[in-house]
$ cat protein.cif   # mmCIF, C-alpha atoms
data_my_file
loop_
_atom_site.label_atom_id
_atom_site.label_comp_id
_atom_site.auth_asym_id
_atom_site.auth_seq_id
_atom_site.Cartn_x
_atom_site.Cartn_y
_atom_site.Cartn_z
CA MET A 105 0.00 0.00 0.00
CA ASN A 106 1.24 3.48 -0.84
CA SER A 107 2.28 5.62 2.11
CA LEU A 108 0.67 8.96 2.90
CA ALA A 109 3.73 10.81 1.55
CA GLN A 110 3.50 8.92 -1.75
CA ARG A 111 -0.13 9.93 -2.11
CA ILE A 112 0.58 13.63 -1.63
CA ASN A 113 1.09 14.76 -5.19
CA GLN A 114 0.12 17.47 -7.62
CA TYR A 115 -2.32 16.44 -10.35
CA GLN A 116 -3.11 18.08 -13.66
CA VAL A 117 -6.86 18.11 -14.30
CA GLY A 118 -7.94 19.72 -17.58
CA ASP A 119 -6.36 23.18 -17.74
CA SER A 120 -6.20 23.72 -13.96
CA ILE A 121 -3.73 22.57 -11.34
CA ILE A 122 -4.99 20.80 -8.27
CA HIS A 123 -2.70 21.83 -5.44
CA PRO A 124 -0.97 19.22 -3.27
CA VAL A 125 -3.69 17.19 -1.57
CA VAL A 126 -4.22 13.68 -0.32
CA ALA A 127 -5.80 11.73 -3.16
CA GLY A 128 -8.18 8.95 -2.21
CA LYS A 129 -9.71 6.16 -4.22
CA LEU A 130 -13.13 4.81 -5.08
CA VAL A 131 -14.13 1.67 -3.25
CA ARG A 132 -17.80 1.40 -4.08
CA VAL A 133 -20.47 2.64 -6.49
CA VAL A 134 -24.10 2.20 -5.44
CA GLY A 135 -26.65 3.62 -7.83
CA LEU A 136 -25.65 7.25 -8.35
CA THR A 137 -23.52 7.43 -5.21
CA LEU A 138 -19.73 7.05 -5.10
CA GLU A 139 -17.90 5.99 -1.95
CA ALA A 140 -14.27 6.98 -1.46
CA VAL A 141 -11.62 6.37 1.20
CA GLY A 142 -8.16 7.74 1.83
CA CYS A 143 -9.00 11.44 1.47
CA SER A 144 -10.65 14.11 3.57
CA ALA A 145 -13.08 16.74 2.31
CA ALA A 146 -15.88 18.80 3.87
CA VAL A 147 -19.54 18.22 3.08
CA GLY A 148 -20.47 20.50 0.18
CA SER A 149 -16.95 20.64 -1.28
CA MET A 150 -16.10 19.37 -4.76
CA CYS A 151 -13.82 16.53 -5.84
CA LYS A 152 -12.40 15.34 -9.16
CA VAL A 153 -13.06 11.67 -9.91
CA GLU A 154 -10.93 9.80 -12.44
CA THR A 155 -12.68 8.06 -15.35
CA ASN A 156 -11.62 6.51 -18.64
CA ASP A 157 -12.43 9.81 -20.37
CA GLY A 158 -10.73 12.16 -17.92
CA TYR A 159 -12.13 13.62 -14.74
CA ILE A 160 -15.68 14.39 -13.64
CA ASP A 161 -16.86 16.64 -10.82
CA ALA A 162 -18.57 15.22 -7.75
CA GLU A 163 -19.77 16.87 -4.56
CA VAL A 164 -19.32 15.49 -1.05
CA VAL A 165 -22.86 14.91 0.21
CA GLY A 166 -22.09 12.91 3.35
CA PHE A 167 -19.69 10.62 5.13
CA ALA A 168 -19.62 7.62 7.46
CA GLY A 169 -16.43 7.21 9.45
CA GLU A 170 -13.56 7.64 7.00
CA ARG A 171 -15.74 6.92 3.98
CA LEU A 172 -16.95 9.85 1.85
CA PHE A 173 -20.20 9.79 -0.11
CA LEU A 174 -19.98 11.63 -3.44
CA MET A 175 -22.66 12.62 -5.94
CA PRO A 176 -21.42 13.23 -9.53
CA SER A 177 -22.55 16.32 -11.42
CA GLU A 178 -22.78 14.45 -14.72
CA ARG A 179 -23.42 10.97 -16.05
CA LEU A 180 -21.51 8.28 -14.27
CA THR A 181 -19.64 6.37 -17.01
CA GLY A 182 -16.13 5.02 -17.32
CA VAL A 183 -15.46 4.81 -13.58
CA LEU A 184 -13.18 1.97 -12.50
CA PRO A 185 -12.57 0.40 -9.06
CA GLY A 186 -9.81 2.22 -7.22
CA ALA A 187 -10.13 5.36 -9.38
CA LYS A 188 -8.46 8.47 -7.97
CA VAL A 189 -10.58 10.92 -6.00
CA ILE A 190 -8.92 14.34 -5.68
CA PRO A 191 -10.45 16.94 -3.33
CA GLN A 192 -10.42 20.45 -4.73
CA THR A 193 -8.84 22.97 -2.42
CA LYS A 194 -10.29 25.94 -4.28
CA GLU A 195 -13.96 26.69 -3.69
CA VAL A 196 -16.10 26.35 -6.81
CA GLY A 197 -17.82 29.59 -7.74
CA ILE A 198 -20.31 30.91 -10.27
CA PRO A 199 -19.45 33.80 -12.63
CA VAL A 200 -21.81 36.72 -11.96
CA GLY A 201 -22.14 40.05 -13.71
CA MET A 202 -24.07 41.95 -16.36
CA GLU A 203 -22.31 39.78 -18.96
CA LEU A 204 -24.75 36.99 -18.03
CA LEU A 205 -27.72 38.76 -19.62
CA GLY A 206 -28.91 36.87 -22.68
CA ARG A 207 -26.94 33.74 -21.77
CA VAL A 208 -28.03 30.16 -21.04
CA LEU A 209 -26.14 28.24 -18.33
CA ASP A 210 -26.22 24.74 -16.91
CA GLY A 211 -26.76 23.96 -13.23
CA MET A 212 -23.11 24.61 -12.34
CA GLY A 213 -23.01 27.99 -14.11
CA ASN A 214 -21.28 26.79 -17.29
CA PRO A 215 -22.53 28.24 -20.63
CA ILE A 216 -24.43 25.85 -22.91
CA ASP A 217 -25.64 28.29 -25.57
CA GLY A 218 -22.59 28.04 -27.85
CA LYS A 219 -21.65 31.70 -27.36
CA GLY A 220 -18.32 31.03 -25.70
CA ASP A 221 -17.18 31.37 -22.11
CA VAL A 222 -18.77 33.81 -19.70
CA LYS A 223 -16.09 36.34 -18.81
CA THR A 224 -16.92 38.23 -15.65
CA SER A 225 -14.74 39.83 -13.00
CA THR A 226 -16.82 38.52 -10.09
CA MET A 227 -17.37 35.01 -8.76
CA SER A 228 -19.95 34.00 -6.18
CA GLY A 229 -20.42 30.85 -4.13
CA PHE A 230 -23.55 28.70 -4.27
CA GLN A 231 -24.49 29.68 -0.72
CA ASN A 232 -24.58 33.37 0.18
CA THR A 233 -24.94 34.92 3.62
CA ARG A 234 -28.57 34.86 4.75
CA ILE A 235 -30.28 38.21 5.25
CA ASN A 236 -31.39 39.23 8.73
CA PRO A 237 -35.21 39.32 8.45
CA LEU A 238 -35.30 42.61 10.38
CA SER A 239 -33.09 44.30 7.78
CA ARG A 240 -35.34 43.45 4.82
CA LYS A 241 -37.37 46.24 3.28
CA ALA A 242 -41.13 45.91 3.64
CA ILE A 243 -43.19 45.03 0.57
CA LYS A 244 -45.01 48.26 -0.26
CA SER A 245 -45.34 48.60 -4.04
CA PRO A 246 -47.25 46.41 -6.54
CA LEU A 247 -45.46 44.43 -9.23
CA ASP A 248 -46.87 44.80 -12.73
CA THR A 249 -46.88 41.29 -14.22
CA GLY A 250 -48.75 42.18 -17.41
CA ILE A 251 -51.39 39.53 -16.54
CA LYS A 252 -54.93 40.90 -15.99
CA ALA A 253 -56.08 38.16 -13.61
CA ILE A 254 -53.01 38.65 -11.39
CA ASN A 255 -52.78 42.45 -11.54
CA ALA A 256 -56.48 42.93 -10.80
CA LEU A 257 -57.51 40.12 -8.47
CA LEU A 258 -54.25 38.63 -7.11
CA THR A 259 -51.97 41.66 -6.97
CA VAL A 260 -48.33 40.75 -6.32
CA GLY A 261 -45.92 43.00 -4.44
CA GLN A 262 -42.34 43.78 -5.40
CA GLY A 263 -40.23 41.31 -3.42
CA GLN A 264 -43.01 38.77 -2.88
CA ARG A 265 -42.52 34.99 -3.20
CA MET A 266 -45.49 33.38 -4.97
CA GLY A 267 -46.25 29.76 -5.74
CA LEU A 268 -47.66 28.70 -9.11
CA PHE A 269 -49.48 25.42 -8.47
CA ALA A 270 -50.28 23.39 -11.56
CA GLY A 271 -50.45 19.89 -12.95
CA SER A 272 -48.84 19.00 -16.25
CA GLY A 273 -50.07 20.59 -19.47
CA VAL A 274 -52.19 23.45 -18.11
CA GLY A 275 -50.14 26.37 -19.45
CA LYS A 276 -47.65 26.96 -16.65
CA SER A 277 -44.65 27.56 -18.93
CA VAL A 278 -46.62 29.90 -21.17
CA LEU A 279 -47.72 31.92 -18.14
CA LEU A 280 -44.10 32.23 -17.01
CA GLY A 281 -43.14 33.47 -20.46
CA MET A 282 -45.92 36.06 -20.38
CA MET A 283 -44.62 37.32 -17.03
CA THR A 284 -41.10 37.51 -18.40
CA ARG A 285 -42.19 39.84 -21.20
CA GLY A 286 -44.76 41.83 -19.21
CA THR A 287 -43.12 42.39 -15.82
CA ASN A 288 -41.44 45.72 -15.15
CA ALA A 289 -38.26 44.18 -13.71
CA ASP A 290 -34.68 45.21 -14.47
CA VAL A 291 -33.43 41.62 -14.80
CA VAL A 292 -35.20 38.28 -15.23
CA VAL A 293 -33.63 35.04 -13.99
CA VAL A 294 -35.29 31.83 -15.22
CA GLY A 295 -34.53 28.41 -13.73
CA LEU A 296 -35.73 25.50 -15.89
CA ILE A 297 -35.15 22.54 -13.58
CA GLY A 298 -36.12 19.00 -14.50
CA GLU A 299 -37.89 19.99 -17.71
CA ARG A 300 -37.83 17.95 -20.92
CA GLY A 301 -34.98 18.98 -23.20
CA ARG A 302 -37.42 19.92 -25.94
CA GLU A 303 -39.28 22.27 -23.59
CA VAL A 304 -36.06 24.07 -22.62
CA LYS A 305 -35.32 25.13 -26.20
CA GLU A 306 -38.97 25.84 -26.88
CA PHE A 307 -39.22 28.10 -23.82
CA ILE A 308 -36.09 30.05 -24.76
CA GLU A 309 -36.87 30.51 -28.45
CA GLU A 310 -40.66 30.60 -28.63
CA ILE A 311 -42.03 31.63 -25.24
CA LEU A 312 -39.21 33.86 -23.98
CA GLY A 313 -38.33 35.29 -27.39
CA GLU A 314 -35.52 37.65 -28.32
CA GLU A 315 -37.02 40.60 -26.45
CA GLY A 316 -37.41 38.69 -23.21
CA ARG A 317 -34.07 36.94 -23.54
CA ALA A 318 -32.13 40.22 -23.86
CA ARG A 319 -32.67 41.03 -20.18
CA ALA A 320 -32.81 37.46 -18.90
CA VAL A 321 -30.45 34.79 -17.63
CA VAL A 322 -31.61 31.19 -18.14
CA ILE A 323 -30.34 28.28 -16.05
CA ALA A 324 -31.28 24.92 -17.57
CA ALA A 325 -30.87 21.55 -15.85
CA PRO A 326 -33.16 19.22 -17.85
CA ALA A 327 -34.74 15.99 -16.70
CA ASP A 328 -31.80 13.82 -17.80
CA ALA A 329 -29.31 15.84 -15.70
CA SER A 330 -27.96 14.29 -12.51
CA PRO A 331 -29.75 15.01 -9.20
CA LEU A 332 -26.79 17.15 -8.14
CA MET A 333 -26.99 19.23 -11.34
CA ARG A 334 -30.72 19.80 -10.82
CA LEU A 335 -30.17 20.74 -7.18
CA LYS A 336 -27.33 23.09 -8.06
CA GLY A 337 -29.41 24.58 -10.88
CA CYS A 338 -31.86 26.04 -8.36
CA GLU A 339 -29.04 27.32 -6.16
CA THR A 340 -27.29 28.85 -9.18
CA ALA A 341 -30.46 30.71 -10.18
CA LEU A 342 -30.82 32.12 -6.66
CA THR A 343 -27.12 33.07 -6.52
CA ILE A 344 -27.34 35.01 -9.80
CA ALA A 345 -30.58 36.70 -8.70
CA GLU A 346 -28.96 37.66 -5.39
CA TYR A 347 -26.03 39.25 -7.20
CA PHE A 348 -28.30 41.52 -9.26
CA ARG A 349 -30.36 42.36 -6.16
CA ASP A 350 -27.19 43.36 -4.32
CA GLN A 351 -26.44 45.78 -7.17
CA GLY A 352 -29.70 47.59 -6.39
CA LEU A 353 -31.70 46.07 -9.27
CA ASN A 354 -35.24 44.69 -9.16
CA VAL A 355 -35.14 41.03 -10.24
CA LEU A 356 -37.92 38.73 -11.40
CA LEU A 357 -37.07 35.11 -10.57
CA LEU A 358 -39.04 32.34 -12.30
CA MET A 359 -38.23 28.88 -10.91
CA ASP A 360 -39.72 25.94 -12.75
CA SER A 361 -39.99 23.97 -10.63
CA LEU A 362 -39.68 23.77 -6.85
CA THR A 363 -40.96 20.19 -7.00
CA ARG A 364 -37.98 19.08 -9.15
CA PHE A 365 -35.66 20.64 -6.56
CA ALA A 366 -37.34 18.59 -3.84
CA GLN A 367 -37.19 15.42 -5.92
CA ALA A 368 -33.48 15.91 -6.63
CA GLN A 369 -32.77 16.31 -2.92
CA ARG A 370 -34.87 13.22 -2.23
CA GLU A 371 -32.80 11.17 -4.69
CA ILE A 372 -29.55 12.32 -3.09
CA ALA A 373 -30.75 11.86 0.49
CA LEU A 374 -32.13 8.35 -0.10
CA ALA A 375 -28.95 7.35 -1.97
CA ILE A 376 -26.78 8.11 1.07
CA GLY A 377 -29.10 6.32 3.47
CA GLU A 378 -31.39 9.02 4.92
CA PRO A 379 -34.68 7.39 5.95
CA PRO A 380 -37.88 8.49 4.17
CA ALA A 381 -40.48 10.34 6.22
CA THR A 382 -43.52 11.84 4.46
CA LYS A 383 -44.58 9.85 1.37
CA GLY A 384 -40.99 8.95 0.55
CA TYR A 385 -39.52 12.42 1.17
CA PRO A 386 -36.69 12.50 3.76
CA PRO A 387 -36.65 15.26 6.41
CA SER A 388 -33.78 17.10 4.67
CA VAL A 389 -36.12 17.96 1.79
CA PHE A 390 -38.40 19.97 4.06
CA ALA A 391 -35.39 21.68 5.60
CA LYS A 392 -33.94 22.73 2.23
CA LEU A 393 -37.20 24.11 0.79
CA PRO A 394 -37.48 27.13 3.13
CA ALA A 395 -33.70 27.65 2.98
CA LEU A 396 -34.02 28.08 -0.80
CA VAL A 397 -37.21 30.16 -0.82
CA GLU A 398 -36.02 32.56 1.90
CA ARG A 399 -33.11 33.63 -0.30
CA ALA A 400 -35.60 35.51 -2.49
CA GLY A 401 -37.44 38.66 -1.44
CA ASN A 402 -36.45 42.24 -0.69
CA GLY A 403 -32.93 43.17 0.37
CA ASN A 404 -31.95 45.95 2.74
CA ASP A 405 -32.32 49.68 2.07
CA ASN A 406 -29.25 49.72 -0.19
CA GLN A 407 -30.29 46.69 -2.24
CA GLY A 408 -32.99 45.86 -4.77
CA SER A 409 -35.53 43.05 -4.68
CA ILE A 410 -36.17 39.52 -5.93
CA SER A 411 -39.82 38.96 -6.84
CA ALA A 412 -40.08 35.19 -7.23
CA PHE A 413 -42.56 32.78 -8.78
CA PHE A 414 -41.90 29.16 -7.85
CA THR A 415 -43.91 26.59 -9.79
CA VAL A 416 -45.10 23.56 -7.85
CA LEU A 417 -46.21 20.43 -9.72
CA THR A 418 -49.33 18.94 -8.19
CA GLU A 419 -49.30 15.21 -8.92
CA GLY A 420 -52.75 14.21 -10.15
CA ASP A 421 -53.86 17.83 -9.49
CA ASP A 422 -53.68 17.03 -5.76
CA LEU A 423 -53.09 20.25 -3.81
CA GLN A 424 -52.43 18.17 -0.67
CA ASP A 425 -49.25 16.67 -2.09
CA PRO A 426 -46.47 16.92 0.57
CA ILE A 427 -44.37 19.36 -1.45
CA ALA A 428 -47.40 21.46 -2.43
CA ASP A 429 -48.56 21.56 1.19
CA ALA A 430 -45.10 22.51 2.49
CA SER A 431 -44.65 25.14 -0.23
CA ARG A 432 -47.95 26.85 0.58
CA ALA A 433 -46.79 27.32 4.16
CA ILE A 434 -43.51 29.07 3.26
CA LEU A 435 -44.62 31.18 0.28
CA ASP A 436 -46.41 34.53 0.31
CA GLY A 437 -49.38 33.29 -1.65
CA HIS A 438 -50.32 30.84 -4.37
CA ILE A 439 -51.82 30.91 -7.85
CA VAL A 440 -53.68 27.73 -8.81
CA LEU A 441 -54.01 26.72 -12.46
CA SER A 442 -57.13 24.67 -13.13
CA ARG A 443 -57.17 21.73 -15.51
CA ASN A 444 -60.91 22.20 -16.07
CA LEU A 445 -60.32 25.77 -17.25
CA ALA A 446 -57.44 24.66 -19.48
CA ASP A 447 -59.58 21.90 -20.99
CA ALA A 448 -62.25 24.51 -21.74
CA GLY A 449 -59.73 26.70 -23.58
CA HIS A 450 -59.63 29.33 -20.83
CA PHE A 451 -56.05 30.71 -20.72
CA PRO A 452 -54.33 31.60 -18.53
CA ALA A 453 -56.17 28.90 -16.56
CA ILE A 454 -56.03 30.75 -13.23
CA ASP A 455 -58.65 29.67 -10.70
CA VAL A 456 -59.08 32.98 -8.88
CA ALA A 457 -61.35 31.41 -6.24
CA LYS A 458 -58.59 29.05 -5.04
CA SER A 459 -55.74 31.54 -5.41
CA ILE A 460 -54.60 34.22 -2.99
CA SER A 461 -51.90 36.86 -2.64
CA ARG A 462 -51.06 37.38 1.02
CA VAL A 463 -49.49 40.81 0.51
CA MET A 464 -52.25 42.25 -1.70
CA PRO A 465 -53.72 44.30 1.20
CA MET A 466 -50.30 45.92 1.72
CA VAL A 467 -49.75 47.07 -1.86
CA THR A 468 -53.26 48.03 -3.04
CA SER A 469 -55.79 50.71 -2.11
CA ASP A 470 -58.98 50.01 -0.19
CA GLU A 471 -60.99 50.70 -3.35
CA HIS A 472 -58.98 48.17 -5.36
CA GLN A 473 -59.45 45.52 -2.66
CA THR A 474 -63.21 46.16 -2.60
CA LEU A 475 -63.51 45.85 -6.38
CA ALA A 476 -61.49 42.62 -6.42
CA ARG A 477 -63.47 41.15 -3.55
CA VAL A 478 -66.80 41.80 -5.28
CA LEU A 479 -65.75 39.99 -8.46
CA LYS A 480 -64.07 37.10 -6.62
CA GLN A 481 -67.27 36.59 -4.59
CA ALA A 482 -69.34 36.57 -7.79
CA TYR A 483 -66.92 34.08 -9.38
CA ALA A 484 -67.01 31.79 -6.32
CA LEU A 485 -70.81 32.01 -6.05
CA TYR A 486 -71.23 30.94 -9.66
CA GLU A 487 -68.80 28.02 -9.22
CA GLU A 488 -70.66 26.83 -6.10
CA ASN A 489 -73.94 26.67 -8.03
CA LYS A 490 -72.50 25.76 -11.42
CA GLU A 491 -73.91 22.24 -11.45
CA LEU A 492 -77.44 23.40 -10.66
CA ILE A 493 -77.21 26.14 -13.27
CA THR A 494 -75.83 23.80 -15.95
CA ILE A 495 -78.53 21.14 -15.60
CA GLY A 496 -81.30 23.75 -15.38
CA ALA A 497 -82.22 23.01 -11.77
CA TYR A 498 -81.79 26.63 -10.73
CA SER A 499 -84.75 28.97 -11.36
CA ARG A 500 -84.06 32.60 -12.14
CA GLY A 501 -85.27 34.85 -9.34
CA SER A 502 -84.58 32.36 -6.54
CA ASP A 503 -81.50 34.29 -5.39
CA PRO A 504 -80.69 37.80 -6.71
CA ARG A 505 -76.98 37.29 -6.01
CA ILE A 506 -76.83 34.16 -8.17
CA ASP A 507 -78.82 35.93 -10.90
CA LYS A 508 -76.19 38.68 -10.97
CA ALA A 509 -73.36 36.13 -11.00
CA ILE A 510 -74.94 34.35 -14.01
CA LEU A 511 -75.24 37.64 -15.91
CA ILE A 512 -71.68 38.76 -15.24
CA LYS A 513 -69.99 35.37 -15.72
CA PRO A 514 -69.40 35.67 -19.52
CA ARG A 515 -67.90 39.16 -19.08
CA LEU A 516 -65.78 37.96 -16.15
CA ASP A 517 -64.46 35.02 -18.17
CA HIS A 518 -63.55 37.37 -21.00
CA PHE A 519 -61.78 39.68 -18.55
CA LEU A 520 -59.74 36.84 -17.03
CA GLN A 521 -58.58 35.46 -20.41
CA GLN A 522 -55.58 36.85 -22.24
CA GLY A 523 -53.52 36.02 -25.31
CA MET A 524 -50.05 34.64 -24.71
CA LYS A 525 -48.43 37.59 -26.49
CA ASP A 526 -50.62 40.24 -24.87
CA SER A 527 -49.41 42.36 -21.97
CA ILE A 528 -51.83 44.59 -20.05
CA SER A 529 -50.40 47.31 -17.83
CA TYR A 530 -51.32 47.52 -14.15
CA ASN A 531 -53.28 50.78 -14.55
CA ASP A 532 -55.24 49.45 -17.53
CA CYS A 533 -56.12 46.35 -15.48
CA LEU A 534 -57.49 48.56 -12.68
CA THR A 535 -59.56 50.59 -15.17
CA GLN A 536 -61.10 47.45 -16.69
CA LEU A 537 -61.68 46.03 -13.20
CA ALA A 538 -63.60 49.15 -12.14
CA VAL A 539 -65.79 49.07 -15.28
CA LEU A 540 -66.58 45.37 -14.90
CA THR A 541 -67.43 45.73 -11.20
CA GLN A 542 -69.72 48.67 -11.92
CA GLU A 543 -71.56 46.59 -14.51
CA PHE A 544 -71.97 43.80 -11.95
CA VAL A 545 -73.33 46.16 -9.29
CA ASN A 546 -75.79 47.78 -11.70
CA SER A 547 -76.97 44.51 -13.29
#

$ encode --input "protein.cif" --output "structure tokens"
Amino acid sequence: MNSLAQRINQYQVGDSIIHPVVAGKLVRVVGLTLEAVGCSAAVGSMCKVETNDGYIDAEVVGFAGERLFLMPSERLTGVLPGAKVIPQTKEVGIPVGMELLGRVLDGMGNPIDGKGDVKTSTMSGFQNTRINPLSRKAIKSPLDTGIKAINALLTVGQGQRMGLFAGSGVGKSVLLGMMTRGTNADVVVVGLIGERGREVKEFIEEILGEEGRARAVVIAAPADASPLMRLKGCETALTIAEYFRDQGLNVLLLMDSLTRFAQAQREIALAIGEPPATKGYPPSVFAKLPALVERAGNGNDNQGSISAFFTVLTEGDDLQDPIADASRAILDGHIVLSRNLADAGHFPAIDVAKSISRVMPMVTSDEHQTLARVLKQAYALYEENKELITIGAYSRGSDPRIDKAILIKPRLDHFLQQGMKDSISYNDCLTQLAVLTQEFVNS
């Protein structure tokens, strides 16, 4: 066996030099997890693992005694028993700067758009210093999203963290693209985590478009990426958004999706032996969710804001899914997309009766809140009696409130629908809201 002195060497990896360290070796591969002995590295640090095709990156995700558990950032191929494992002494960082605008990066911050390297003068770690909650600015001003249903009935504040709850195929990605083009933010950061590869390109070219892409940074970690890459993709998006916020800019963060982040952490946690708790999700998942979400929001008086929309996939349209339930508790409101509305061709398919913005009272006038409440009550009243109305069991004149709701429903549906390339300003939304409410009151 080689002595410790013989194992202290300097290795050339790619174009960079790994400084003198103690190199270990692989002793076991179980699923996606690598186990190494003979080297020491902190949890969260990166290592280089030898393969037939060179070296791949892997992060230390745990240890047991002198055995390290590693999770590779890319596909695990060409690894042999006893392969070298070289801890990296230099902390891995992400390039941040205005040069990122218009670029597409992978989960580790590397460019994948074929436009060459990202050359910035600043690097940032994946984990930044958390903000003291008492130093955050209060949410006082509305955020113009360009979406009538949100601006009028679910007003979002600048620096708010909202959840977008939706099943598959109900227009979630299109709605995110509409927000990207219509929101009055200085910078847009989009995290496409766990999406199909086809959807990534489609979102960038068709939904985001050239205009939206010019002021946006896209981080893409598709479904075939490793769990570590998907996990890091979310952290990279938050790190980039935090950088722009620290420069005093107002940032719109669109994270699609928070569920994929939770699933990636579940895969990693189960692989290293953490026991499952709630429906197969280990406890670490529910610890990492608020840690990620709390990084968004307003900064201090000298900083800007991060207004964030986190999409949450509801399996089988079940809003009581563990991740959906946990997300509702830590977010500042939720927008629910209805499959029934989507099936009926109603887009965006926002169910205003099941959606709520918790900061709307803080950023809107009393008059605006009254107008929104009147229409939401009419919408909810119609939905409660929809079955009776549809089959003809309800007789006109039985309840004046229901009669009014029936009369206004077609106009309300028209108001809540919007073309995917249309953007309606906040003031125009308020004007249309006032007109529609007046019609309802006078009907």

$ residues_around --input "protein.cif" --residues "segment 340-347 of chain A" --least-positions-apart "3" --cutoff "7 Å" --atoms "all atoms listed in the file" --output "VMD selection string"
chain A and resid 200 211 to 213 230 293 295 323 336 to 337 350 to 351 355 357 399 410

$ closest_residue --input "protein.cif" --among "A:Arg234, A:Arg300, A:Lys276, A:His438" --to "Lys458 of chain A" --atoms "all atoms listed in the file"
A:His438

$ residues_around --input "protein.cif" --residues "Ala253 of chain A" --least-positions-apart "2" --cutoff "9 Å" --atoms "all atoms listed in the file" --output "list in words"
Ile251, Asn255, Ala256, Leu257, Leu258, Thr259, Pro452, Ile454, Val456, Phe519, Leu520, Gln521, Gln522 and Cys533 of chain A

$ resolve_selection --input "protein.cif" --expression "the PyMOL selection byres ((chain A and resi 240-250) around 7)" --output "ChimeraX atom specification"
/A:236-239,251-252,255,259-263,283,286-288,402-405,466-467,527-530

$ residues_around --input "protein.cif" --residues "Ala366 of chain A" --least-positions-apart "4" --cutoff "9 Å" --atoms "only C-alpha atoms" --output "CSV table (one decimal) with C-alpha atoms, keeping the file's coordinate frame"
chain,number,residue,atom,x,y,z
A,335,LEU,CA,-30.2,20.7,-7.2
A,362,LEU,CA,-39.7,23.8,-6.8
A,370,ARG,CA,-34.9,13.2,-2.2
A,371,GLU,CA,-32.8,11.2,-4.7
A,385,TYR,CA,-39.5,12.4,1.2
A,389,VAL,CA,-36.1,18.0,1.8
A,390,PHE,CA,-38.4,20.0,4.1
A,392,LYS,CA,-33.9,22.7,2.2
A,393,LEU,CA,-37.2,24.1,0.8
A,427,ILE,CA,-44.4,19.4,-1.4

$ resolve_selection --input "protein.cif" --expression "the PyMOL selection byres ((chain A and resi 433) around 12)" --output "MDAnalysis selection string"
chainID A and resid 265:267 390 393:394 397 424 426:432 434:438 462

$ resolve_selection --input "protein.cif" --expression "the PyMOL selection byres ((chain A and resi 378) around 12)" --output "PyMOL selection string"
chain A and resi 165-167+369-377+379-381+384-389

$ closest_residue --input "protein.cif" --among "A:Asn531, A:Ser144, A:Ser442, A:Thr193" --to "Gly169 of chain A" --atoms "all atoms listed in the file"
A:Ser144

$ residues_around --input "protein.cif" --residues "Asp455 of chain A" --least-positions-apart "6" --cutoff "8 Å" --atoms "only C-alpha atoms" --output "PDB file with C-alpha atoms, keeping the file's coordinate frame"
ATOM      1  CA  ILE A 439     -51.820  30.910  -7.850  1.00  0.00           C
ATOM      2  CA  VAL A 440     -53.680  27.730  -8.810  1.00  0.00           C
ATOM      3  CA  LEU A 441     -54.010  26.720 -12.460  1.00  0.00           C
ATOM      4  CA  SER A 442     -57.130  24.670 -13.130  1.00  0.00           C
ATOM      5  CA  LEU A 445     -60.320  25.770 -17.250  1.00  0.00           C
TER       6      LEU A 445
END

$ axis_aligned_box --input "protein.cif" --around "segment 490-502 of chain A" --padding-each-side "3 Å" --output "AutoDock Vina command-line options"
--center_x -78.9 --center_y 28.0 --center_z -11.2 --size_x 18.8 --size_y 19.7 --size_z 15.4

$ atom_distance --input "protein.cif" --atom1 "atom CA of Thr181 of chain A" --atom2 "atom CA of Asp328 of chain A"
14.3 Å

$ atom_distance --input "protein.cif" --atom1 "atom CA of Ser469 of chain A" --atom2 "atom CA of Val278 of chain A"
29.7 Å

$ closest_residue --input "protein.cif" --among "A:Leu205, A:Ile460, A:Ile235, A:Val183" --to "Glu315 of chain A" --atoms "only C-alpha atoms"
A:Leu205

$ closest_residue --input "protein.cif" --among "A:Asn354, A:Thr415, A:Gln231, A:Ser361" --to "Glu339 of chain A" --atoms "all atoms listed in the file"
A:Gln231

$ atom_distance --input "protein.cif" --atom1 "atom CA of Thr233 of chain A" --atom2 "atom CA of Glu163 of chain A"
20.5 Å

$ closest_residue --input "protein.cif" --among "A:Arg319, A:Arg500, A:Arg515, A:Lys383" --to "Leu479 of chain A" --atoms "only C-alpha atoms"
A:Arg515

$ build_atoms --input "protein.cif" --residues "segment 469-473 of chain A" --atoms "N, CA, C and O atoms" --output "PDB file, in the frame of the given file"
ATOM      1  N   SER A 469     -54.903  49.788  -2.824  1.00  0.00           N
ATOM      2  CA  SER A 469     -55.790  50.710  -2.110  1.00  0.00           C
ATOM      3  C   SER A 469     -57.030  49.977  -1.612  1.00  0.00           C
ATOM      4  O   SER A 469     -57.345  48.868  -2.061  1.00  0.00           O
ATOM      5  N   ASP A 470     -57.745  50.596  -0.707  1.00  0.00           N
ATOM      6  CA  ASP A 470     -58.980  50.010  -0.190  1.00  0.00           C
ATOM      7  C   ASP A 470     -60.004  49.827  -1.308  1.00  0.00           C
ATOM      8  O   ASP A 470     -60.746  48.832  -1.339  1.00  0.00           O
ATOM      9  N   GLU A 471     -60.050  50.793  -2.232  1.00  0.00           N
ATOM     10  CA  GLU A 471     -60.990  50.700  -3.350  1.00  0.00           C
ATOM     11  C   GLU A 471     -60.671  49.500  -4.240  1.00  0.00           C
ATOM     12  O   GLU A 471     -61.572  48.759  -4.645  1.00  0.00           O
ATOM     13  N   HIS A 472     -59.389  49.304  -4.540  1.00  0.00           N
ATOM     14  CA  HIS A 472     -58.980  48.170  -5.360  1.00  0.00           C
ATOM     15  C   HIS A 472     -59.361  46.860  -4.683  1.00  0.00           C
ATOM     16  O   HIS A 472     -59.898  45.947  -5.329  1.00  0.00           O
ATOM     17  N   GLN A 473     -59.115  46.748  -3.394  1.00  0.00           N
ATOM     18  CA  GLN A 473     -59.450  45.520  -2.660  1.00  0.00           C
ATOM     19  C   GLN A 473     -60.950  45.263  -2.685  1.00  0.00           C
ATOM     20  O   GLN A 473     -61.389  44.120  -2.828  1.00  0.00           O
TER      21      GLN A 473
END
